[in-house]
Structures are given as C-alpha cells and as structure tokens.
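Asker: Sharing upload.cif here; it has mmCIF, C-alpha atoms.
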data_model
#
loop_
_atom_site.label_atom_id
_atom_site.label_comp_id
_atom_site.auth_asym_id
_atom_site.auth_seq_id
_atom_site.Cartn_x
_atom_site.Cartn_y
_atom_site.Cartn_z
CA MET A 175 106.89 69.21 96.41
CA ILE A 176 104.08 71.71 95.79
CA LEU A 177 102.39 71.87 92.39
CA LEU A 178 99.69 74.19 91.03
CA HIS A 179 97.45 72.80 88.29
CA THR A 180 95.61 75.11 85.90
CA ALA A 181 94.26 74.85 82.35
CA ASP A 182 92.05 76.34 79.65
CA TRP A 183 93.09 79.97 79.90
CA HIS A 184 91.82 80.74 76.37
CA LEU A 185 93.86 83.93 76.11
CA GLY A 186 92.56 86.11 73.30
CA GLN A 187 88.93 85.09 73.72
CA THR A 188 86.29 87.72 73.13
CA PHE A 189 83.06 87.35 75.07
CA TYR A 190 80.21 88.31 72.73
CA GLU A 191 82.55 90.91 71.16
CA TYR A 192 83.82 92.18 74.54
CA ASP A 193 87.62 92.16 74.92
CA ARG A 194 88.69 90.06 77.94
CA LYS A 195 92.29 91.30 78.20
CA ALA A 196 91.68 92.99 81.58
CA GLU A 197 90.08 89.81 82.96
CA HIS A 198 92.99 87.63 81.88
CA LEU A 199 95.55 90.07 83.28
CA TYR A 200 93.67 90.07 86.57
CA PHE A 201 93.80 86.25 86.72
CA LEU A 202 97.48 86.06 85.80
CA ALA A 203 98.39 88.62 88.49
CA TRP A 204 96.39 86.57 91.03
CA LEU A 205 98.13 83.37 89.91
CA ARG A 206 101.57 84.93 90.36
CA THR A 207 100.56 85.94 93.88
CA GLN A 208 99.51 82.35 94.64
CA ILE A 209 102.82 80.99 93.29
CA ARG A 210 104.80 83.27 95.60
CA ALA A 211 102.57 82.79 98.65
CA LEU A 212 102.58 79.00 98.37
CA GLN A 213 106.23 78.79 97.32
CA ALA A 214 105.14 76.49 94.50
CA ASP A 215 107.76 74.23 92.94
CA VAL A 216 105.86 73.49 89.72
CA LEU A 217 103.08 75.10 87.68
CA LEU A 218 101.21 72.71 85.36
CA ILE A 219 99.23 74.31 82.50
CA ALA A 220 97.15 71.55 80.88
CA GLY A 221 96.39 72.97 77.46
CA ASP A 222 94.28 75.59 75.66
CA VAL A 223 96.58 78.41 76.62
CA PHE A 224 95.11 80.39 73.73
CA ASP A 225 91.58 80.51 72.36
CA SER A 226 92.64 79.99 68.74
CA PRO A 227 95.57 78.53 66.79
CA ASN A 228 96.48 82.05 65.60
CA PRO A 229 96.14 84.20 68.73
CA PRO A 230 96.44 88.00 68.67
CA ALA A 231 99.94 89.38 69.23
CA GLU A 232 98.73 91.09 72.41
CA SER A 233 97.66 87.73 73.86
CA GLN A 234 101.02 86.18 73.06
CA LYS A 235 102.80 89.08 74.77
CA MET A 236 100.58 88.57 77.82
CA PHE A 237 101.51 84.89 77.96
CA TYR A 238 105.26 85.34 77.62
CA ARG A 239 105.27 88.27 80.04
CA PHE A 240 103.58 86.05 82.60
CA LEU A 241 106.22 83.33 82.14
CA ARG A 242 109.05 85.84 82.60
CA GLU A 243 107.50 87.53 85.64
CA ALA A 244 106.46 84.29 87.36
CA THR A 245 109.90 82.71 87.03
CA SER A 246 111.82 85.87 87.94
CA GLU A 247 109.67 86.53 91.02
CA HIS A 248 110.07 82.93 92.20
CA PRO A 249 113.28 81.48 90.66
CA PRO A 250 112.81 77.86 91.90
CA LEU A 251 109.58 77.58 89.90
CA GLN A 252 109.33 75.09 87.03
CA ILE A 253 106.53 75.48 84.50
CA VAL A 254 105.28 72.60 82.33
CA ILE A 255 102.84 73.45 79.53
CA ILE A 256 101.07 71.16 77.06
CA ALA A 257 99.10 72.15 73.96
CA GLY A 258 95.33 71.78 73.86
CA ASN A 259 92.97 71.37 70.93
CA HIS A 260 92.55 75.16 70.64
CA ASP A 261 96.31 75.76 70.47
CA SER A 262 98.61 75.56 67.48
CA ALA A 263 100.93 72.86 68.80
CA ALA A 264 103.91 73.89 66.64
CA ARG A 265 103.46 77.60 67.35
CA LEU A 266 103.14 77.04 71.09
CA GLU A 267 106.30 74.98 71.45
CA ALA A 268 108.44 76.93 68.94
CA PRO A 269 110.19 79.09 71.61
CA ASP A 270 110.80 76.10 73.89
CA PRO A 271 114.62 76.06 73.41
CA LEU A 272 114.76 79.62 74.74
CA LEU A 273 112.22 79.15 77.51
CA GLU A 274 113.92 76.05 78.92
CA GLU A 275 116.65 78.41 80.20
CA MET A 276 113.88 79.81 82.46
CA HIS A 277 112.82 76.27 83.55
CA VAL A 278 109.75 76.48 81.29
CA HIS A 279 108.96 73.34 79.27
CA ILE A 280 106.36 73.37 76.47
CA ARG A 281 105.21 70.22 74.72
CA GLY A 282 102.86 70.54 71.78
CA THR A 283 103.71 67.69 69.45
CA VAL A 284 104.60 64.02 69.68
CA ARG A 285 107.88 63.46 67.86
CA ARG A 286 109.36 60.28 66.43
CA THR A 287 112.86 58.85 66.56
CA PRO A 288 114.69 58.06 63.27
CA ASP A 289 113.38 54.49 63.41
CA GLY A 290 109.75 55.71 63.68
CA ALA A 291 109.23 55.02 67.40
CA ILE A 292 107.60 57.58 69.70
CA ASP A 293 110.23 59.83 71.26
CA ALA A 294 109.07 59.17 74.81
CA SER A 295 112.05 60.87 76.46
CA ARG A 296 110.98 64.27 75.14
CA LEU A 297 107.59 63.99 76.85
CA LEU A 298 109.13 63.10 80.22
CA ILE A 299 110.10 66.16 82.26
CA PRO A 300 112.19 65.76 85.43
CA LEU A 301 110.77 67.90 88.25
CA THR A 302 113.63 69.10 90.41
CA GLU A 303 113.91 70.24 93.99
CA ASN A 304 117.15 71.75 95.31
CA GLY A 305 118.92 70.68 92.13
CA ARG A 306 117.91 67.01 92.23
CA THR A 307 115.15 65.13 90.43
CA ALA A 308 112.33 64.70 92.93
CA ALA A 309 109.52 63.58 90.56
CA TRP A 310 108.70 62.98 86.89
CA CYS A 311 106.04 64.61 84.71
CA ILE A 312 104.45 62.88 81.72
CA ALA A 313 103.76 65.95 79.55
CA ALA A 314 101.45 64.46 76.89
CA PRO A 315 99.77 67.16 74.76
CA TYR A 316 96.41 66.90 73.03
CA LEU A 317 96.71 63.54 71.26
CA ARG A 318 95.57 62.85 67.74
CA GLN A 319 95.08 59.41 66.23
CA GLY A 320 98.51 59.33 64.59
CA ASP A 321 100.32 60.43 67.76
CA CYS A 322 99.61 57.21 69.65
CA PRO A 323 100.70 53.58 69.32
CA PRO A 324 98.45 51.39 67.13
CA ALA A 325 95.28 49.99 68.72
CA ASP A 326 91.68 49.20 67.78
CA SER A 327 90.22 52.53 68.94
CA TYR A 328 91.28 56.04 69.86
CA VAL A 329 90.53 55.34 73.52
CA GLU A 330 92.79 52.27 73.51
CA ARG A 331 95.51 54.22 71.70
CA VAL A 332 95.52 56.91 74.40
CA GLY A 333 95.75 54.31 77.15
CA LYS A 334 98.61 52.57 75.36
CA MET A 335 100.36 55.93 74.94
CA TYR A 336 100.32 56.71 78.67
CA ARG A 337 101.48 53.21 79.57
CA THR A 338 104.33 53.51 77.06
CA LEU A 339 105.40 56.85 78.50
CA TYR A 340 105.15 55.60 82.08
CA MET A 341 107.33 52.57 81.35
CA ALA A 342 109.96 54.87 79.75
CA ILE A 343 110.50 56.85 82.99
CA PRO A 344 114.13 56.29 84.10
CA ASP A 345 113.32 56.03 87.83
CA ARG A 346 109.77 54.93 88.67
CA THR A 347 110.50 54.90 92.41
CA LEU A 348 109.98 58.67 92.33
CA PRO A 349 106.49 60.23 92.27
CA VAL A 350 104.98 60.57 88.79
CA VAL A 351 102.59 63.28 87.62
CA ALA A 352 100.75 63.00 84.29
CA MET A 353 99.23 65.72 82.13
CA GLY A 354 96.60 65.42 79.42
CA HIS A 355 94.14 67.43 77.37
CA LEU A 356 91.19 65.12 76.71
CA GLN A 357 87.73 64.12 77.84
CA ALA A 358 87.72 61.47 80.54
CA ALA A 359 84.88 59.05 81.18
CA GLY A 360 83.02 59.90 84.36
CA SER A 361 83.37 63.65 83.78
CA GLU A 362 80.47 66.04 83.49
CA ILE A 363 80.09 68.48 80.61
CA SER A 364 77.64 71.28 79.93
CA ARG A 365 75.10 70.48 77.22
CA HIS A 366 75.22 74.08 76.03
CA ASP A 367 79.00 74.58 75.96
CA ARG A 368 80.05 73.74 72.41
CA SER A 369 83.78 74.23 73.02
CA GLU A 370 83.84 71.17 75.27
CA TYR A 371 82.62 68.89 72.47
CA ALA A 372 85.59 69.41 70.11
CA LEU A 373 87.24 66.00 70.35
CA VAL A 374 89.14 63.68 68.05
CA GLY A 375 86.88 61.05 66.52
CA GLY A 376 83.70 62.44 68.06
CA LEU A 377 82.62 61.75 71.60
CA GLU A 378 85.64 59.64 72.60
CA CYS A 379 85.77 59.40 76.40
CA VAL A 380 89.03 58.12 77.82
CA SER A 381 88.75 55.92 80.89
CA PRO A 382 90.69 57.04 83.98
CA ASP A 383 92.14 53.54 83.90
CA ALA A 384 94.23 54.75 80.94
CA PHE A 385 96.49 56.38 83.51
CA PRO A 386 98.60 53.79 85.35
CA PRO A 387 97.52 53.50 89.01
CA GLU A 388 101.07 54.27 90.15
CA ILE A 389 100.69 57.88 88.94
CA ALA A 390 100.42 60.19 91.95
CA TYR A 391 98.35 62.87 90.21
CA THR A 392 96.84 63.39 86.75
CA ALA A 393 96.37 67.03 85.69
CA LEU A 394 93.75 67.32 82.96
CA GLY A 395 92.54 70.11 80.72
CA HIS A 396 89.73 70.50 78.15
CA LEU A 397 86.59 70.54 80.31
CA HIS A 398 85.89 73.90 81.90
CA ARG A 399 84.20 72.62 85.05
CA ALA A 400 86.67 71.87 87.87
CA GLN A 401 86.00 68.29 88.96
CA ARG A 402 87.29 64.92 90.01
CA VAL A 403 86.99 62.15 87.44
CA SER A 404 85.00 59.03 88.36
CA GLY A 405 85.42 59.92 92.03
CA ARG A 406 89.21 59.64 91.83
CA ASP A 407 90.68 62.42 93.91
CA ASN A 408 94.01 62.32 92.12
CA VAL A 409 92.58 62.59 88.57
CA ARG A 410 91.21 66.10 88.08
CA TYR A 411 90.26 68.90 85.78
CA ALA A 412 91.41 72.27 87.04
CA GLY A 413 88.66 74.03 85.11
CA ALA A 414 88.89 77.32 83.25
CA PRO A 415 89.86 80.45 85.23
CA LEU A 416 87.15 82.46 83.44
CA PRO A 417 83.69 81.27 82.41
CA MET A 418 83.75 80.85 78.65
CA SER A 419 79.97 81.09 78.16
CA PHE A 420 76.78 81.71 80.12
CA ALA A 421 76.42 77.93 80.37
CA GLU A 422 79.40 78.10 82.76
CA ARG A 423 78.15 80.93 84.98
CA GLU A 424 77.66 78.63 87.99
CA TYR A 425 81.13 77.04 87.70
CA ARG A 426 83.67 77.74 90.43
CA GLN A 427 86.91 79.14 89.06
CA GLY A 428 90.37 78.60 90.54
CA VAL A 429 93.41 76.34 90.49
CA THR A 430 94.24 73.02 92.11
CA LEU A 431 96.98 72.71 94.71
CA VAL A 432 98.78 69.35 94.75
CA GLU A 433 101.26 68.42 97.46
CA LEU A 434 103.48 65.35 97.04
CA ARG A 435 104.89 64.28 100.38
CA GLU A 436 106.28 60.94 101.60
CA GLY A 437 104.46 58.85 99.03
CA LYS A 438 101.12 60.58 99.61
CA THR A 439 99.20 63.07 97.47
CA ARG A 440 97.21 65.88 99.05
CA VAL A 441 94.84 67.84 96.80
CA GLU A 442 93.19 71.14 97.65
CA ARG A 443 91.10 73.59 95.64
CA ILE A 444 92.02 77.30 95.65
CA ASP A 445 89.13 79.49 94.54
CA PHE A 446 89.50 82.52 92.30
CA GLN A 447 86.90 85.26 91.89
CA PRO A 448 87.01 86.59 88.29
CA LEU A 449 87.10 90.32 87.68
CA VAL A 450 83.79 90.24 85.80
CA GLY A 451 80.74 88.15 86.68
CA LEU A 452 77.98 86.72 84.50
CA LEU A 453 74.36 87.61 85.13
CA SER A 454 71.30 85.95 83.61
CA ILE A 455 67.84 87.47 84.04
CA PRO A 456 65.34 86.05 84.50
CA GLN A 457 66.75 82.65 85.50
CA THR A 458 64.05 81.03 83.37
CA PRO A 459 62.62 82.67 80.22
CA LEU A 460 59.60 84.91 80.83
CA ARG A 461 57.41 87.18 78.73
CA LEU A 462 58.89 90.49 77.61
CA ALA A 463 56.83 92.50 80.12
CA ASP A 464 58.26 90.42 82.99
CA VAL A 465 61.77 90.73 81.55
CA LEU A 466 61.48 94.52 81.43
CA TYR A 467 60.34 94.50 85.06
CA ALA A 468 63.40 92.39 86.03
CA ILE A 469 65.66 94.85 84.20
CA ASP A 470 64.16 97.73 86.15
CA LEU A 471 65.32 96.04 89.38
CA LEU A 472 68.97 96.02 88.26
CA PRO A 473 71.25 98.52 90.04
CA ASP A 474 71.73 101.91 88.43
CA GLY A 475 75.21 103.23 87.71
CA GLU A 476 77.95 103.68 85.16
CA ILE A 477 79.50 100.80 83.26
CA THR A 478 82.94 99.96 84.68
CA PRO A 479 85.57 97.23 83.98
CA ARG A 480 83.86 95.20 86.72
CA SER A 481 80.32 95.54 85.36
CA PRO A 482 78.87 92.05 84.76
CA TYR A 483 78.03 90.63 81.37
CA LEU A 484 74.28 90.25 81.03
CA GLU A 485 72.21 87.55 79.37
CA ILE A 486 68.52 88.22 78.85
CA ASN A 487 66.19 85.20 78.73
CA VAL A 488 62.89 86.05 77.09
CA MET A 489 59.98 83.85 76.06
CA ILE A 490 58.43 84.60 72.69
CA THR A 491 55.36 83.07 71.11
CA GLU A 492 55.38 85.26 67.99
CA PRO A 493 57.87 87.55 66.18
CA GLU A 494 58.97 90.59 68.22
CA PRO A 495 60.61 93.06 65.77
CA SER A 496 61.26 95.65 68.49
CA LEU A 497 62.56 93.16 71.06
CA ARG A 498 66.21 94.26 71.13
CA HIS A 499 65.36 97.96 70.98
CA ARG A 500 63.00 97.75 73.97
CA ILE A 501 65.54 95.76 76.01
CA GLU A 502 68.41 98.15 75.21
CA GLU A 503 66.20 101.11 76.06
CA ALA A 504 65.31 99.57 79.43
CA LEU A 505 69.02 98.99 80.17
CA GLN A 506 69.92 102.68 79.84
CA GLY A 507 71.64 103.78 83.07
CA LYS A 508 72.15 100.23 84.36
CA SER A 509 75.63 99.07 85.40
CA VAL A 510 75.67 95.96 83.19
CA ARG A 511 76.99 95.04 79.74
CA LEU A 512 74.44 93.39 77.47
CA ALA A 513 76.07 90.35 75.89
CA ARG A 514 73.24 88.14 74.72
CA ILE A 515 69.48 88.05 74.26
CA ALA A 516 68.24 84.46 74.34
CA ALA A 517 64.78 84.43 72.79
CA VAL A 518 63.23 80.99 73.21
CA THR A 519 59.93 79.38 72.30
CA PRO A 520 57.93 77.20 74.70
CA GLN A 521 59.26 74.03 73.01
CA GLN A 522 62.83 75.00 73.97
CA LYS A 523 62.18 75.16 77.72
CA ASN A 524 63.34 72.71 80.36
CA GLU A 525 66.31 71.22 78.51
CA PRO A 526 68.66 69.33 80.84
CA GLU A 527 71.72 71.42 81.71
CA THR A 528 74.29 68.63 81.85
CA VAL A 529 74.82 65.15 80.49
CA SER A 530 77.52 62.70 81.43
CA CYS A 531 79.99 61.25 78.93
CA GLU A 532 78.59 57.75 79.50
CA GLN A 533 75.03 58.97 78.76
CA LEU A 534 76.18 60.50 75.49
CA GLN A 535 77.78 57.21 74.44
CA THR A 536 74.50 55.34 74.94
CA ILE A 537 72.45 57.69 72.73
CA HIS A 538 72.12 56.63 69.10
CA PRO A 539 72.94 59.42 66.60
CA MET A 540 69.53 58.98 64.97
CA ASP A 541 67.80 59.56 68.30
CA MET A 542 69.82 62.75 68.79
CA ALA A 543 68.86 64.02 65.34
CA THR A 544 65.19 63.21 65.85
CA ASP A 545 65.12 64.99 69.21
CA VAL A 546 66.79 68.11 67.78
CA PHE A 547 64.38 68.17 64.82
CA ARG A 548 61.31 67.93 67.08
CA ARG A 549 62.52 70.68 69.40
CA ARG A 550 63.38 72.97 66.52
CA PHE A 551 60.18 72.43 64.54
CA GLY A 552 57.51 72.41 67.22
CA GLY A 553 57.27 68.68 67.84
CA GLU A 554 56.96 67.65 64.20
CA ASP A 555 58.41 64.27 63.16
CA MET A 556 61.38 64.21 60.80
CA PRO A 557 60.38 63.56 57.17
CA GLY A 558 60.98 60.00 56.00
CA GLU A 559 63.36 60.97 53.20
CA MET A 560 65.55 62.92 55.64
CA ARG A 561 65.56 59.98 58.06
CA GLU A 562 66.70 57.60 55.31
CA LEU A 563 69.54 59.93 54.27
CA LEU A 564 70.74 60.30 57.86
CA GLN A 565 70.58 56.56 58.48
CA THR A 566 72.67 55.98 55.35
CA VAL A 567 75.31 58.43 56.57
CA ILE A 568 75.35 56.87 60.05
CA ARG A 569 75.83 53.38 58.61
CA GLU A 570 78.69 54.58 56.36
CA VAL A 571 80.47 56.34 59.23
CA GLY A 572 80.09 53.32 61.49
CA SER A 573 81.30 50.79 58.93
#
As structure tokens - that is how I would like this structure written.
Answerer:
Amino acid sequence: MILLHTADWHLGQTFYEYDRKAEHLYFLAWLRTQIRALQADVLLIAGDVFDSPNPPAESQKMFYRFLREATSEHPPLQIVIIAGNHDSAARLEAPDPLLEEMHVHIRGTVRRTPDGAIDASRLLIPLTENGRTAAWCIAAPYLRQGDCPPADSYVERVGKMYRTLYMAIPDRTLPVVAMGHLQAAGSEISRHDRSEYALVGGLECVSPDAFPPEIAYTALGHLHRAQRVSGRDNVRYAGAPLPMSFAEREYRQGVTLVELREGKTRVERIDFQPLVGLLSIPQTPLRLADVLYAIDLLPDGEITPRSPYLEINVMITEPEPSLRHRIEEALQGKSVRLARIAAVTPQQKNEPETVSCEQLQTIHPMDMATDVFRRRFGGEDMPGEMRELLQTVIREVGS
C-alpha cells in the first residue's frame, strides 16, 4: 500500500498582502501528478487545510475541486483529512456525508456516544485495497482538552486518546497508520514563526511515546518544517508545501511517501519546488547604503507570477523617515516583489533561529519576559513593579 502524507496547506493565506492562489493551484496540480505517477492508494492530509476558520469562497472551491479531480483521475485513491488548529472543525467536516461517496473522509471533531464515551469507531478509517481492508487509519483531529479521556495533563490526555483509539481497532493484525495535528517533543520549530506556537494549554509537547509502538507510521501536521520526530523514522511532519513566512525560507517543501509492505514501512521524501521563492537581502542586517548596493545587484526585469517575494534587512541606529521611499525607489525595474522591510537595531542582532521543544519547556516564563524586555529596551532591566505583577500572574496560572 502506497500513502502520500501532506499537511498545512493554509489555503487562503495572503503573504504580506499578496494573493497566493496561483501558488496553491501550482502545488495542487503537482500533487495530483504525483498521485497518478505513484499510483497512490491513500492521501493523508494532516490538518490546517485552510489558513483561517472562515476561508474565502475561492479557497473552498479550490479545495473541493482538488478532491474531485484527484479522485476522478485516480479512482482507487482514498483521501483522509483531519482538521488542524487553523481550520473550523465543524465547517471542514460538514460535507463529509457527500464526500465519502468519493472515498474522501474528513474528521474535524471528536464525537460522543449517547452514554458519553468517545465515539472511537468514527475516528477509525479502514484503508482498502482491491475492495478489502488492508490497513487502518487513526484519524484524530486537532485535540482540545475536552476531546480526550481524563488525565492529569494535556500531554497525558493525548497519549490516552491514541491508546484508546488503537485498542478500538477491530483487527490489529493489519498495519495501522495514525494522524495528528500537534507539537511533538523532539521536534524543531522556528523561533520567528508565530503560527507554530498556537497550541492548546501553551507549549504542550506530546511525546512520540504517545503513539503505540505497533503503529506503522504516524502522519503529523502543525509544524511547517518537514522532519522526523526524536529520530523516529516512522513519526514525521510532512511540512508545509509553501513557506508561510520568511523564517521558513530555508525549509524544503514536498510530501512524504510511505510504503507499507510485508510488515515493513519504507519512508521517502519527495521534494516540491514552489512557484514563488523567498529572497532576503542582505542575509544579515546592514546599513542602508549597503542595502541599496545589494538591491542594485538584483536582476532587472518585469514582475511576473514567478517573481520572488523580497525581504529587506536593514540596520538602523536612528530614525530613518525616508527609509521605505529610498528602498522602493531602488527597486524600480527589479524583478522582485517587496514584501517586508525588517529594520532592526544592534540589540536585535544574532538571535538564535531555532529552539527545540524541550528547551522551551526548561525556560521559566519570567526569564523569557526579562530577556524580551532587555532586547526591546536596549539592555535595560525590567522595573521592579512590572516584575512583581508578572510573577503574581505566573503564580496564579501555575496554581
């Protein structure tokens, strides 16, 4: 059985006010080509299909058109989709009764039986091959506190949820694939990518041990960097098909190919080159004169649908009222689209680009606040009254 794992499409996203419809259409056309070429049996979409709970109508049309075209071009294909934290769970799964006729299964909410128990059977999708069940998929959407069985912490609740769902599988002699939209311990996130920090209960990192070891492959969404989790080859993030911010410009986009054969799992990465690239100049902030020189070296030409988005990094030591005007003037005739001017002071340089989930958990909130205050206000210490107020809040939240 051949599966393709993708996630975090964020359809409807605008990139610094630029419409990304053409970029998303380009990716979806590429993905349909991969499905046909690989004769994929299953497509797993691990959450954040849309960028917001109320996506534009055009983005919804794009999504449903893809589902229709992908399944009609390759009729054996099954598609399993779970909701992410950016999606409206109820909105996403509303057309599920109609889509199931096309072998498309969408799970956005955790439902309960009349006696109040978790309806595990609804989150278990049989994956078929030649008309017979060849594997099972645990299609758990983005989980909130109340979705999971009772436990002392959110992390323990998630682990208990996956164990409950695994034990409810009718035939556990068949391969099992799990899906989730969460942050796993041992994963790496970008310090500057705010969308990756939106988690239930704060920085709650779920251990890979939450997924029973018998699971052949765990398809995760939420983090935009494609990666293995804690070195486990069969627990992975597919990553986002398009970079969502300049913090992600060095990420490799694509999908993950998973092959289940004779009790073994083979995993392979398939790279995708987005329609539009991201360009940051200079790589480290420099004075305006040096920035203007770097702009002059950019290629001349007209702006096209493939012209890269441009981030300008400039060092300032005093107010520069004409900064944007001078940069825009220098960009006249250059084949780039200005998206962002990052004006930084010397105190903002040399921030670490990434931090692991475990490192975040070891940092006390007060230390974080103090560090932010010093960087924002030129190294000054936080006033005592502000420190006392913050410490009071931290104690109340932790109690």
Asker: Taking only residues of region 273-376 of chain A that have an atom at most 9 Å from an atom of region 193-215 of chain A, what is each one's shortest atom pair and its distance in Å to one decimal, using only C-alpha atoms, in chain and number order, as a tab-separated table?
Answerer:
residue	atom	partner	partner_atom	distance
A:Leu301	CA	A:Asp215	CA	8.4
A:Thr302	CA	A:Asp215	CA	8.2
A:Glu303	CA	A:Asp215	CA	7.4
Asker: Can you spell out as a PyMOL selection string the set of residues that the PyMOL selection byres ((chain A and resi 284-296) around 6) selects in the structure I just provided?
Answerer: chain A and resi 283+297-298+321+339
Asker: Can you translate the PyMOL selection byres ((chain A and resi 467) around 12) into the concrete residues it hits in this file, as a PDB file with C-alpha atoms, in the coordinates of the input?
Answerer:
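The new file expr.pdb reads:
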ATOM      1  CA  ILE A 455      67.840  87.470  84.040  1.00  0.00           C
ATOM      2  CA  PRO A 456      65.340  86.050  84.500  1.00  0.00           C
ATOM      3  CA  LEU A 460      59.600  84.910  80.830  1.00  0.00           C
ATOM      4  CA  ARG A 461      57.410  87.180  78.730  1.00  0.00           C
ATOM      5  CA  LEU A 462      58.890  90.490  77.610  1.00  0.00           C
ATOM      6  CA  ALA A 463      56.830  92.500  80.120  1.00  0.00           C
ATOM      7  CA  ASP A 464      58.260  90.420  82.990  1.00  0.00           C
ATOM      8  CA  VAL A 465      61.770  90.730  81.550  1.00  0.00           C
ATOM      9  CA  LEU A 466      61.480  94.520  81.430  1.00  0.00           C
ATOM     10  CA  ALA A 468      63.400  92.390  86.030  1.00  0.00           C
ATOM     11  CA  ILE A 469      65.660  94.850  84.200  1.00  0.00           C
ATOM     12  CA  ASP A 470      64.160  97.730  86.150  1.00  0.00           C
ATOM     13  CA  LEU A 471      65.320  96.040  89.380  1.00  0.00           C
ATOM     14  CA  LEU A 472      68.970  96.020  88.260  1.00  0.00           C
ATOM     15  CA  VAL A 488      62.890  86.050  77.090  1.00  0.00           C
ATOM     16  CA  ARG A 500      63.000  97.750  73.970  1.00  0.00           C
ATOM     17  CA  ILE A 501      65.540  95.760  76.010  1.00  0.00           C
ATOM     18  CA  ALA A 504      65.310  99.570  79.430  1.00  0.00           C
ATOM     19  CA  LEU A 505      69.020  98.990  80.170  1.00  0.00           C
TER      20      LEU A 505
END
Asker: Suppose you want the space between CA of Met556 (chain A) and CA of Glu492 (chain A); what is it in Å?
Answerer: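 Going from CA of Met556 (chain A) over to CA of Glu492 (chain A) covers 23.0 Å.
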Asker: Kindly resolve the PyMOL selection byres ((chain A and resi 508) around 7) on the present coordinates and return the residues as a list in words.
Answerer: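 In the shown coordinates, the PyMOL selection byres ((chain A and resi 508) around 7) covers Leu472, Pro473, Asp474, Gly475, Glu476, Leu505, Gln506, Gly507, Ser509 and Val510 of chain A.
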Asker: Of the candidates A:Ala308, A:Ala231, A:Ala359, A:Ala220, which one gets nearest to Ile280 (chain A) if we count all atoms listed in the file?
Answerer: A:Ala220
Asker: Quick one: residues within 9 Å of (94.0, 80.9, 71.2) (file frame), counting only C-alpha atoms, please, as a list in words.
Answerer: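 The distance filter leaves exactly Trp183, His184, Leu185, Gly186, Gln187, Asp222, Val223, Phe224, Asp225, Ser226, Pro227, Asn228, Pro229, Pro230, Ser233, Gln234, His260, Asp261 and Ser262 of chain A.
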Asker: Find the residues near Ala325 (chain A): any atom within 8 Å, counting all atoms listed in the file, skip ones fewer than 4 places away on the same chain, and give them as an MDAnalysis selection string.
Answerer: chainID A and resid 330:331 334
Asker: Restricted to C-alpha atoms, what would the selected residues look like written as a PDB file, in the coordinates of the input?
Answerer:
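Written file, result.pdb:
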ATOM      1  CA  GLU A 330      92.790  52.270  73.510  1.00  0.00           C
ATOM      2  CA  ARG A 331      95.510  54.220  71.700  1.00  0.00           C
ATOM      3  CA  LYS A 334      98.610  52.570  75.360  1.00  0.00           C
TER       4      LYS A 334
END
